[in-house]
Every structure is written in C-alpha cells, then in structure tokens.
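Dropping model12.pdb in here (PDB, C-alpha atoms, pLDDT in the B column):
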ATOM      1  CA  TYR A   1       0.000   0.000   0.000  1.00 97.00           C
ATOM      2  CA  HIS A   2       1.082   3.567  -0.637  1.00 97.00           C
ATOM      3  CA  VAL A   3      -0.704   6.125   1.528  1.00 98.00           C
ATOM      4  CA  THR A   4      -0.608   9.918   1.528  1.00 98.00           C
ATOM      5  CA  CYS A   5      -2.392  12.255   3.921  1.00 98.00           C
ATOM      6  CA  HIS A   6      -3.133  15.835   2.888  1.00 98.00           C
ATOM      7  CA  GLY A   7      -4.479  18.537   5.177  1.00 98.00           C
ATOM      8  CA  PRO A   8      -7.491  20.700   4.301  1.00 96.00           C
ATOM      9  CA  ASP A   9      -5.072  23.146   2.644  1.00 97.00           C
ATOM     10  CA  GLY A  10      -3.927  20.399   0.231  1.00 96.00           C
ATOM     11  CA  LYS A  11      -0.418  20.208   1.679  1.00 98.00           C
ATOM     12  CA  LEU A  12       1.132  16.800   2.248  1.00 98.00           C
ATOM     13  CA  LYS A  13       1.160  15.985   5.992  1.00 97.00           C
ATOM     14  CA  TRP A  14       2.712  12.518   5.737  1.00 97.00           C
ATOM     15  CA  GLU A  15       3.086   9.483   3.491  1.00 96.00           C
ATOM     16  CA  ASP A  16       4.004   5.857   4.001  1.00 96.00           C
ATOM     17  CA  ASP A  17       4.526   2.613   2.108  1.00 93.00           C
ATOM     18  CA  ILE A  18       3.170  -0.521   3.729  1.00 93.00           C
ATOM     19  CA  GLU A  19       4.194  -4.138   3.292  1.00 92.00           C
ATOM     20  CA  ASN A  20       1.174  -6.361   3.683  1.00 93.00           C
ATOM     21  CA  LEU A  21       0.128  -9.820   4.727  1.00 94.00           C
ATOM     22  CA  VAL A  22      -1.994 -11.650   2.160  1.00 94.00           C
ATOM     23  CA  THR A  23      -4.372 -13.823   4.166  1.00 94.00           C
ATOM     24  CA  THR A  24      -4.987 -17.502   3.523  1.00 94.00           C
ATOM     25  CA  ALA A  25      -8.568 -16.624   2.516  1.00 91.00           C
ATOM     26  CA  GLY A  26      -7.182 -14.086   0.043  1.00 91.00           C
ATOM     27  CA  LYS A  27      -4.731 -16.571  -1.464  1.00 91.00           C
ATOM     28  CA  ASN A  28      -7.436 -19.233  -1.753  1.00 89.00           C
ATOM     29  CA  ASP A  29      -9.798 -16.755  -3.440  1.00 88.00           C
ATOM     30  CA  LEU A  30      -7.099 -15.732  -5.932  1.00 87.00           C
ATOM     31  CA  LEU A  31      -6.311 -19.337  -6.804  1.00 86.00           C
ATOM     32  CA  ASP A  32      -9.983 -20.366  -7.056  1.00 83.00           C
ATOM     33  CA  LYS A  33     -10.882 -17.467  -9.332  1.00 83.00           C
ATOM     34  CA  TYR A  34      -7.855 -17.621 -11.610  1.00 82.00           C
ATOM     35  CA  LEU A  35      -7.182 -21.323 -11.890  1.00 84.00           C
ATOM     36  CA  SER A  36     -10.799 -22.504 -12.033  1.00 82.00           C
ATOM     37  CA  GLY A  37     -11.305 -20.637 -15.302  1.00 70.00           C
ATOM     38  CA  SER A  38     -14.786 -19.419 -14.398  1.00 69.00           C
ATOM     39  CA  ALA A  39     -15.914 -15.870 -15.179  1.00 68.00           C
ATOM     40  CA  TYR A  40     -16.609 -13.498 -12.316  1.00 75.00           C
ATOM     41  CA  THR A  41     -16.853  -9.814 -11.559  1.00 70.00           C
ATOM     42  CA  ALA A  42     -14.613  -8.562  -8.799  1.00 81.00           C
ATOM     43  CA  ALA A  43     -15.555  -5.682  -6.536  1.00 93.00           C
ATOM     44  CA  TRP A  44     -12.798  -4.642  -4.147  1.00 96.00           C
ATOM     45  CA  TYR A  45     -12.790  -2.070  -1.366  1.00 98.00           C
ATOM     46  CA  LEU A  46     -10.067  -0.458   0.706  1.00 98.00           C
ATOM     47  CA  GLY A  47     -10.470   0.085   4.437  1.00 98.00           C
ATOM     48  CA  LEU A  48      -8.508   1.681   7.245  1.00 98.00           C
ATOM     49  CA  VAL A  49      -7.112  -0.034  10.333  1.00 98.00           C
ATOM     50  CA  ALA A  50      -7.200   1.465  13.839  1.00 96.00           C
ATOM     51  CA  SER A  51      -4.137   1.704  16.099  1.00 86.00           C
ATOM     52  CA  SER A  52      -1.798  -1.102  17.254  1.00 88.00           C
ATOM     53  CA  PRO A  53      -2.814  -3.936  14.908  1.00 95.00           C
ATOM     54  CA  THR A  54      -1.428  -7.442  14.700  1.00 95.00           C
ATOM     55  CA  TYR A  55      -2.314  -9.609  11.727  1.00 96.00           C
ATOM     56  CA  ASN A  56      -2.579 -13.333  11.245  1.00 96.00           C
ATOM     57  CA  ALA A  57      -2.730 -15.290   7.982  1.00 97.00           C
ATOM     58  CA  ALA A  58      -5.950 -16.863   9.303  1.00 97.00           C
ATOM     59  CA  ASP A  59      -7.690 -13.454   9.622  1.00 98.00           C
ATOM     60  CA  THR A  60     -11.021 -13.080   7.836  1.00 97.00           C
ATOM     61  CA  MET A  61     -13.515 -10.231   7.721  1.00 97.00           C
ATOM     62  CA  SER A  62     -15.614 -12.006  10.359  1.00 97.00           C
ATOM     63  CA  SER A  63     -12.675 -12.933  12.592  1.00 97.00           C
ATOM     64  CA  HIS A  64      -9.617 -10.708  13.064  1.00 96.00           C
ATOM     65  CA  ALA A  65      -8.944 -10.499  16.792  1.00 95.00           C
ATOM     66  CA  GLY A  66      -5.663  -8.590  16.430  1.00 96.00           C
ATOM     67  CA  TRP A  67      -7.086  -5.426  14.859  1.00 97.00           C
ATOM     68  CA  THR A  68     -10.131  -3.229  14.414  1.00 97.00           C
ATOM     69  CA  GLU A  69     -11.379  -1.121  11.543  1.00 97.00           C
ATOM     70  CA  SER A  70     -11.095   2.650  11.672  1.00 97.00           C
ATOM     71  CA  THR A  71     -14.123   4.579  10.421  1.00 97.00           C
ATOM     72  CA  VAL A  72     -12.844   8.146  10.877  1.00 97.00           C
ATOM     73  CA  TYR A  73     -13.993   9.051   7.360  1.00 98.00           C
ATOM     74  CA  SER A  74     -17.225  10.410   5.905  1.00 98.00           C
ATOM     75  CA  ASN A  75     -17.445   8.153   2.837  1.00 98.00           C
ATOM     76  CA  SER A  76     -20.667   6.146   3.169  1.00 98.00           C
ATOM     77  CA  THR A  77     -18.879   2.834   2.491  1.00 98.00           C
ATOM     78  CA  ARG A  78     -15.334   1.567   2.289  1.00 98.00           C
ATOM     79  CA  VAL A  79     -13.725   3.144  -0.751  1.00 98.00           C
ATOM     80  CA  ALA A  80     -13.978   1.144  -3.987  1.00 97.00           C
ATOM     81  CA  ALA A  81     -10.697   0.155  -5.605  1.00 96.00           C
ATOM     82  CA  SER A  82     -10.377   0.672  -9.350  1.00 94.00           C
ATOM     83  CA  TRP A  83      -7.520  -1.013 -11.130  1.00 94.00           C
ATOM     84  CA  ASN A  84      -4.929  -0.249 -13.775  1.00 92.00           C
ATOM     85  CA  SER A  85      -3.788  -2.925 -16.225  1.00 92.00           C
ATOM     86  CA  ALA A  86      -1.206  -5.364 -14.939  1.00 92.00           C
ATOM     87  CA  ALA A  87       2.394  -4.755 -15.991  1.00 93.00           C
ATOM     88  CA  SER A  88       5.709  -6.337 -14.968  1.00 94.00           C
ATOM     89  CA  ALA A  89       3.890  -8.880 -12.763  1.00 93.00           C
ATOM     90  CA  SER A  90       2.199  -6.122 -10.702  1.00 94.00           C
ATOM     91  CA  LYS A  91      -1.294  -4.644 -10.635  1.00 94.00           C
ATOM     92  CA  ALA A  92      -1.988  -1.297  -8.952  1.00 95.00           C
ATOM     93  CA  SER A  93      -5.184   0.416  -7.958  1.00 96.00           C
ATOM     94  CA  ASN A  94      -5.894   4.059  -8.567  1.00 96.00           C
ATOM     95  CA  ALA A  95      -5.722   6.181  -5.410  1.00 97.00           C
ATOM     96  CA  ALA A  96      -8.824   5.745  -3.231  1.00 97.00           C
ATOM     97  CA  ALA A  97      -9.689   8.939  -1.314  1.00 98.00           C
ATOM     98  CA  PHE A  98     -10.833   8.724   2.308  1.00 98.00           C
ATOM     99  CA  ASN A  99     -12.429  11.975   3.498  1.00 98.00           C
ATOM    100  CA  ILE A 100     -11.407  12.203   7.160  1.00 98.00           C
ATOM    101  CA  ASN A 101     -14.149  13.660   9.380  1.00 98.00           C
ATOM    102  CA  ALA A 102     -12.739  13.122  12.884  1.00 96.00           C
ATOM    103  CA  SER A 103      -9.410  13.479  14.632  1.00 95.00           C
ATOM    104  CA  GLY A 104      -7.786  10.209  15.529  1.00 95.00           C
ATOM    105  CA  THR A 105      -5.151   7.726  14.505  1.00 95.00           C
ATOM    106  CA  VAL A 106      -4.931   5.286  11.624  1.00 97.00           C
ATOM    107  CA  ALA A 107      -2.409   2.466  11.687  1.00 97.00           C
ATOM    108  CA  GLY A 108      -2.818   0.717   8.351  1.00 97.00           C
ATOM    109  CA  CYS A 109      -5.025  -0.458   5.504  1.00 98.00           C
ATOM    110  CA  PHE A 110      -6.816  -3.544   4.232  1.00 98.00           C
ATOM    111  CA  LEU A 111      -8.327  -4.851   0.987  1.00 98.00           C
ATOM    112  CA  THR A 112     -11.649  -6.711   1.004  1.00 97.00           C
ATOM    113  CA  THR A 113     -14.630  -7.626  -1.161  1.00 96.00           C
ATOM    114  CA  GLY A 114     -17.065  -6.214   1.437  1.00 96.00           C
ATOM    115  CA  SER A 115     -18.141  -2.581   1.049  1.00 98.00           C
ATOM    116  CA  ALA A 116     -19.897  -1.932   4.385  1.00 98.00           C
ATOM    117  CA  LYS A 117     -17.934   0.111   6.928  1.00 97.00           C
ATOM    118  CA  SER A 118     -17.345  -2.147   9.957  1.00 97.00           C
ATOM    119  CA  GLY A 119     -18.932  -5.000   7.968  1.00 97.00           C
ATOM    120  CA  THR A 120     -17.921  -8.584   8.653  1.00 97.00           C
ATOM    121  CA  THR A 121     -18.769 -10.170   5.293  1.00 96.00           C
ATOM    122  CA  GLY A 122     -16.629 -10.541   2.198  1.00 94.00           C
ATOM    123  CA  ILE A 123     -13.125 -11.833   1.651  1.00 94.00           C
ATOM    124  CA  LEU A 124     -10.232 -10.173   3.451  1.00 97.00           C
ATOM    125  CA  TYR A 125      -7.428 -10.268   0.891  1.00 97.00           C
ATOM    126  CA  SER A 126      -4.678  -8.397   2.714  1.00 97.00           C
ATOM    127  CA  ALA A 127      -3.820  -5.979   5.505  1.00 97.00           C
ATOM    128  CA  GLY A 128      -0.769  -3.988   6.491  1.00 96.00           C
ATOM    129  CA  THR A 129       0.578  -1.557   9.098  1.00 96.00           C
ATOM    130  CA  PHE A 130       2.342   1.778   8.587  1.00 95.00           C
ATOM    131  CA  THR A 131       6.104   1.454   8.957  1.00 92.00           C
ATOM    132  CA  GLY A 132       6.331   4.166  11.612  1.00 85.00           C
ATOM    133  CA  GLY A 133       3.298   3.088  13.643  1.00 91.00           C
ATOM    134  CA  ALA A 134      -0.078   4.787  13.891  1.00 95.00           C
ATOM    135  CA  ARG A 135      -0.460   8.139  12.141  1.00 96.00           C
ATOM    136  CA  ALA A 136      -2.524  11.128  13.283  1.00 95.00           C
ATOM    137  CA  VAL A 137      -5.395  12.355  11.110  1.00 97.00           C
ATOM    138  CA  ASP A 138      -7.612  15.391  11.598  1.00 97.00           C
ATOM    139  CA  ASN A 139     -11.066  16.435  10.470  1.00 98.00           C
ATOM    140  CA  GLY A 140     -10.745  17.790   6.920  1.00 98.00           C
ATOM    141  CA  ASP A 141      -7.755  15.632   5.940  1.00 98.00           C
ATOM    142  CA  THR A 142      -7.808  13.395   2.873  1.00 98.00           C
ATOM    143  CA  MET A 143      -6.022  10.041   2.880  1.00 98.00           C
ATOM    144  CA  ASN A 144      -5.248   8.571  -0.530  1.00 98.00           C
ATOM    145  CA  VAL A 145      -4.588   4.820  -0.558  1.00 98.00           C
ATOM    146  CA  THR A 146      -3.137   2.875  -3.483  1.00 98.00           C
ATOM    147  CA  TYR A 147      -2.714  -0.899  -3.418  1.00 97.00           C
ATOM    148  CA  THR A 148      -0.203  -2.741  -5.588  1.00 96.00           C
ATOM    149  CA  GLY A 149      -0.147  -6.512  -5.776  1.00 94.00           C
ATOM    150  CA  SER A 150       2.890  -8.281  -7.227  1.00 92.00           C
ATOM    151  CA  LEU A 151       3.617 -11.882  -8.104  1.00 87.00           C
ATOM    152  CA  THR A 152       7.165 -13.067  -7.638  1.00 83.00           C
TER     153      THR A 152
END

Would you mind writing the structure in this file as structure tokens?
Amino acid sequence: YHVTCHGPDGKLKWEDDIENLVTTAGKNDLLDKYLSGSAYTAAWYLGLVASSPTYNAADTMSSHAGWTESTVYSNSTRVAASWNSAASASKASNAAAFNINASGTVAGCFLTTGSAKSGTTGILYSAGTFTGGARAVDNGDTMNVTYTGSLT
C-alpha cells in the first residue's frame, strides 16, 4: 500500500509505504478465481485499520482479533478500488480517497470484497501496518490509498 495524507489546505502531511500480509482466505480466493477458469466480476474495497494492529494469515472479515477497523472518514462505504492494467507482474489500484471527518489515529489499511464500513462479510485479501506506527489524522484531511499486488 502507498498512503498519503493531505491537510485541508492540500499540503502533504505525511506518506508511508506498507508491506502487507496476504491472508490464507485471500490466497485461496485468488487461486480459485484464476485457476478454475470461471468468469466473475470482482468488486474490491479499501479500508482503514485502527491503532496497534497485529495480523494473522488466518484473519477473515468475520474474525480478526488482532485489529479493528477505523471509520474516521465520511465516505458512506469503504472506498472502492479501481484497477490499472497489470504490468511487470504487478497490478496497482488508482488512489482511493478517504475523506477524514474526525481526529484520531490510523495504523494501516486492508483490501476486502465487502463494502460496508465495519462490515464482517466478504473476503479479506490483505492488511498492512504503517512502517512508523499509527499516524494522526484530523477532520478535513484526505487520505489517498493505493494498493499494488505483485507476483514473484
């Protein structure tokens, strides 16, 4: 994940690149969809993680005891991810804008098929924590989140 946070004046407050854990459910979903050869339509959403998370490969949207979702943004749902074409064994999303409407901290991001804020359905593909720990956000800030998946 690549994340930037801009204040209400448009100036960059901070940015971070996040390494992520791809969950077992996410890996299984990828393999089932690609290798089964069946057609499907993917809808993906980016979410924010509250402070001090720990992740586990067994995490799912309905069971992730080591972290909680942050909903300090005014968007009515998690922000939809739109994708660029794959190149050089990587696929990146366009920046998803979170309109921050409360002061607080955000510690990371996640990618899921569920759109509902604080929802527990859908497939949790991945999650990651900021390299420098939780970051402060304020009412009026905008966080832009880009996800890039790579196969090596």

**Asked** For A:Ser62, which residue out of A:Thr4, A:Ser118, A:Ser85, A:Thr146 is the nearest one, using all atoms listed in the file?
**Response**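 That would be A:Ser118, the residue with the smallest distance to A:Ser62.
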
**Message:** Selection in question (the file shown): the PyMOL selection byres ((chain A and resi 12) around 12). Which residues does it include, as a list in words?
**Reply:** Val3, Thr4, Cys5, His6, Gly7, Pro8, Asp9, Gly10, Lys11, Lys13, Trp14, Glu15, Asp16, Val137, Asp141, Thr142, Met143 and Asn144 of chain A

Exercise on stretch 109-117 of chain A, axis-aligned box with 5 Å per side, report centre and edge lengths in Å to one decimal, as JSON:
{"center_x": -12.5, "center_y": -3.8, "center_z": 2.9, "size_x": 24.9, "size_y": 17.7, "size_z": 18.1}

**Item:** Selection: 7 Å around A:Asn84, only C-alpha atoms, excl. self and same-chain fewer than 2 positions, as number ranges by chain
**Value:** A: 86, 91-94

Report as CSV: every residue of stretch 84-149 of chain A with an atom at most 12 Å from stretch 29-44 of chain A, its closest pair of atoms, and their distance in Å to one decimal, counting only C-alpha atoms, with rows sorted by chain and ascending residue number.
residue,atom,partner,partner_atom,distance
A:Ser93,CA,A:Trp44,CA,9.9
A:Asn94,CA,A:Trp44,CA,12.0
A:Ala96,CA,A:Trp44,CA,11.2
A:Phe110,CA,A:Trp44,CA,10.4
A:Leu111,CA,A:Trp44,CA,6.8
A:Thr112,CA,A:Trp44,CA,5.7
A:Thr113,CA,A:Trp44,CA,4.6
A:Gly114,CA,A:Trp44,CA,7.2
A:Ser115,CA,A:Trp44,CA,7.7
A:Ala116,CA,A:Trp44,CA,11.4
A:Gly122,CA,A:Trp44,CA,9.5
A:Ile123,CA,A:Asp29,CA,7.8
A:Leu124,CA,A:Asp29,CA,9.5
A:Tyr125,CA,A:Asp29,CA,8.2
A:Ser126,CA,A:Trp44,CA,11.3
A:Tyr147,CA,A:Trp44,CA,10.8
A:Gly149,CA,A:Leu30,CA,11.5

Keeping only C-alpha atoms, write the selected residues as a compact mmCIF listing (two decimals), in the coordinates of the input.
# COMPACT_ATOMS: atom_id res chain seq x y z
CA SER A 93 -5.18 0.42 -7.96
CA ASN A 94 -5.89 4.06 -8.57
CA ALA A 96 -8.82 5.74 -3.23
CA PHE A 110 -6.82 -3.54 4.23
CA LEU A 111 -8.33 -4.85 0.99
CA THR A 112 -11.65 -6.71 1.00
CA THR A 113 -14.63 -7.63 -1.16
CA GLY A 114 -17.07 -6.21 1.44
CA SER A 115 -18.14 -2.58 1.05
CA ALA A 116 -19.90 -1.93 4.38
CA GLY A 122 -16.63 -10.54 2.20
CA ILE A 123 -13.12 -11.83 1.65
CA LEU A 124 -10.23 -10.17 3.45
CA TYR A 125 -7.43 -10.27 0.89
CA SER A 126 -4.68 -8.40 2.71
CA TYR A 147 -2.71 -0.90 -3.42
CA GLY A 149 -0.15 -6.51 -5.78

**Prompt:** If you count only C-alpha atoms, which residues fall within 10 Å of A:Gly66, apart from same-chain ones fewer than 4 positions away, as a ChimeraX atom specification?
**Reply:** /A:52-56,59

**Message:** Please enumerate the residues selected by the PyMOL selection byres ((chain A and resi 105) around 7) when evaluated against the supplied file, formatted as a list of chain:residue names.
**Reply:**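 Checking the PyMOL selection byres ((chain A and resi 105) around 7) against this file, the residues are A:Ala50, A:Ser51, A:Gly104, A:Val106, A:Ala107, A:Ala134, A:Arg135, A:Ala136, A:Val137.
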
C-alpha atoms of the current selection, written as a PDB file, in the coordinates of the input:
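out35.pdb written:
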ATOM      1  CA  ALA A  50      -7.200   1.465  13.839  1.00 96.00           C
ATOM      2  CA  SER A  51      -4.137   1.704  16.099  1.00 86.00           C
ATOM      3  CA  GLY A 104      -7.786  10.209  15.529  1.00 95.00           C
ATOM      4  CA  VAL A 106      -4.931   5.286  11.624  1.00 97.00           C
ATOM      5  CA  ALA A 107      -2.409   2.466  11.687  1.00 97.00           C
ATOM      6  CA  ALA A 134      -0.078   4.787  13.891  1.00 95.00           C
ATOM      7  CA  ARG A 135      -0.460   8.139  12.141  1.00 96.00           C
ATOM      8  CA  ALA A 136      -2.524  11.128  13.283  1.00 95.00           C
ATOM      9  CA  VAL A 137      -5.395  12.355  11.110  1.00 97.00           C
TER      10      VAL A 137
END

**Request:** Give as a list in words every residue, naming chains and numbers as the document does, that has an atom within 6 Å of (-12.0, 11.6, 12.3), counting only C-alpha atoms.
**Result:**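 Those within range, by chain then number, are Val72, Tyr73, Ile100, Asn101, Ala102, Ser103, Gly104, Asp138 and Asn139 of chain A.
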
**Asked** Out of A:Ala65, A:Val49, A:Leu151, A:Ala95, which residue has the shortest atom-to-atom distance to A:Phe130 when counting only C-alpha atoms?
**Response**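 Result for the nearest residue to A:Phe130: A:Val49.
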
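The nearest approach to A:Ala87 among the residues A:Ser150, A:Met61, A:Ser74, A:Val145, with only C-alpha atoms taken into account, belongs to A:Ser150.
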
**Item:** Distance of atom CA of A:Gly26 from atom CA of A:Gly47, expressed in Å to one decimal place
**Value:**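 Atom CA of A:Gly26 lies at a distance of 15.2 Å from atom CA of A:Gly47.
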
**Request:** Go through A:Tyr1, A:Glu19, A:Lys117, A:Gly133 and flag the residue nearest A:Ser76, using all atoms listed in the file for the distances.
**Result:**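 For A:Ser76, the nearest of the given residues is A:Lys117.
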
**Request:** Find the distance between atom CA of A:Ala25 and atom CA of A:Ser63 and write it in Å to one decimal.
**Result:**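 Rounded to one decimal, the two atoms are 11.5 Å apart.
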
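Taking atom CA of A:Gly119 as the reference point, atom CA of A:Thr131 is found at 25.9 Å.
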
**Message:** Using only C-alpha atoms for the distances, tell me which of A:Asp17, A:Phe98, A:Thr23, A:Tyr45 is nearest to A:Trp83.
**Reply:**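 Among A:Asp17, A:Phe98, A:Thr23, A:Tyr45, it is A:Tyr45 that comes nearest to A:Trp83.
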
Completion step: stretch 40-55 of chain A with N, CA and C atoms as a PDB file, in the coordinates of the input:
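Now in selection-v1.pdb:
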ATOM      1  N   TYR A  40     -16.069 -14.145 -13.507  1.00 75.00           N
ATOM      2  CA  TYR A  40     -16.609 -13.498 -12.316  1.00 75.00           C
ATOM      3  C   TYR A  40     -16.360 -12.006 -12.437  1.00 75.00           C
ATOM      4  N   THR A  41     -17.066 -11.253 -11.641  1.00 70.00           N
ATOM      5  CA  THR A  41     -16.853  -9.814 -11.559  1.00 70.00           C
ATOM      6  C   THR A  41     -16.347  -9.513 -10.166  1.00 70.00           C
ATOM      7  N   ALA A  42     -15.210  -8.860 -10.100  1.00 81.00           N
ATOM      8  CA  ALA A  42     -14.613  -8.562  -8.799  1.00 81.00           C
ATOM      9  C   ALA A  42     -14.945  -7.144  -8.368  1.00 81.00           C
ATOM     10  N   ALA A  43     -15.380  -7.003  -7.149  1.00 93.00           N
ATOM     11  CA  ALA A  43     -15.555  -5.682  -6.536  1.00 93.00           C
ATOM     12  C   ALA A  43     -14.668  -5.662  -5.301  1.00 93.00           C
ATOM     13  N   TRP A  44     -13.746  -4.725  -5.243  1.00 96.00           N
ATOM     14  CA  TRP A  44     -12.798  -4.642  -4.147  1.00 96.00           C
ATOM     15  C   TRP A  44     -12.907  -3.292  -3.469  1.00 96.00           C
ATOM     16  N   TYR A  45     -12.670  -3.283  -2.166  1.00 98.00           N
ATOM     17  CA  TYR A  45     -12.790  -2.070  -1.366  1.00 98.00           C
ATOM     18  C   TYR A  45     -11.594  -1.961  -0.433  1.00 98.00           C
ATOM     19  N   LEU A  46     -11.156  -0.733  -0.225  1.00 98.00           N
ATOM     20  CA  LEU A  46     -10.067  -0.458   0.706  1.00 98.00           C
ATOM     21  C   LEU A  46     -10.643   0.065   2.011  1.00 98.00           C
ATOM     22  N   GLY A  47     -10.057  -0.364   3.111  1.00 98.00           N
ATOM     23  CA  GLY A  47     -10.470   0.085   4.437  1.00 98.00           C
ATOM     24  C   GLY A  47      -9.271   0.534   5.240  1.00 98.00           C
ATOM     25  N   LEU A  48      -9.551   1.181   6.354  1.00 98.00           N
ATOM     26  CA  LEU A  48      -8.508   1.681   7.245  1.00 98.00           C
ATOM     27  C   LEU A  48      -8.491   0.884   8.536  1.00 98.00           C
ATOM     28  N   VAL A  49      -7.316   0.734   9.111  1.00 98.00           N
ATOM     29  CA  VAL A  49      -7.112  -0.034  10.333  1.00 98.00           C
ATOM     30  C   VAL A  49      -6.818   0.926  11.484  1.00 98.00           C
ATOM     31  N   ALA A  50      -7.431   0.656  12.641  1.00 96.00           N
ATOM     32  CA  ALA A  50      -7.200   1.465  13.839  1.00 96.00           C
ATOM     33  C   ALA A  50      -5.835   1.125  14.443  1.00 96.00           C
ATOM     34  N   SER A  51      -5.477   1.782  15.520  1.00 86.00           N
ATOM     35  CA  SER A  51      -4.137   1.704  16.099  1.00 86.00           C
ATOM     36  C   SER A  51      -3.762   0.344  16.661  1.00 86.00           C
ATOM     37  N   SER A  52      -2.459   0.065  16.663  1.00 88.00           N
ATOM     38  CA  SER A  52      -1.798  -1.102  17.254  1.00 88.00           C
ATOM     39  C   SER A  52      -2.297  -2.449  16.741  1.00 88.00           C
ATOM     40  N   PRO A  53      -2.324  -2.653  15.421  1.00 95.00           N
ATOM     41  CA  PRO A  53      -2.814  -3.936  14.908  1.00 95.00           C
ATOM     42  C   PRO A  53      -1.754  -5.031  14.914  1.00 95.00           C
ATOM     43  N   THR A  54      -2.233  -6.260  14.996  1.00 95.00           N
ATOM     44  CA  THR A  54      -1.428  -7.442  14.700  1.00 95.00           C
ATOM     45  C   THR A  54      -2.264  -8.291  13.746  1.00 95.00           C
ATOM     46  N   TYR A  55      -1.612  -8.844  12.749  1.00 96.00           N
ATOM     47  CA  TYR A  55      -2.314  -9.609  11.727  1.00 96.00           C
ATOM     48  C   TYR A  55      -1.921 -11.068  11.803  1.00 96.00           C
TER      49      TYR A  55
END
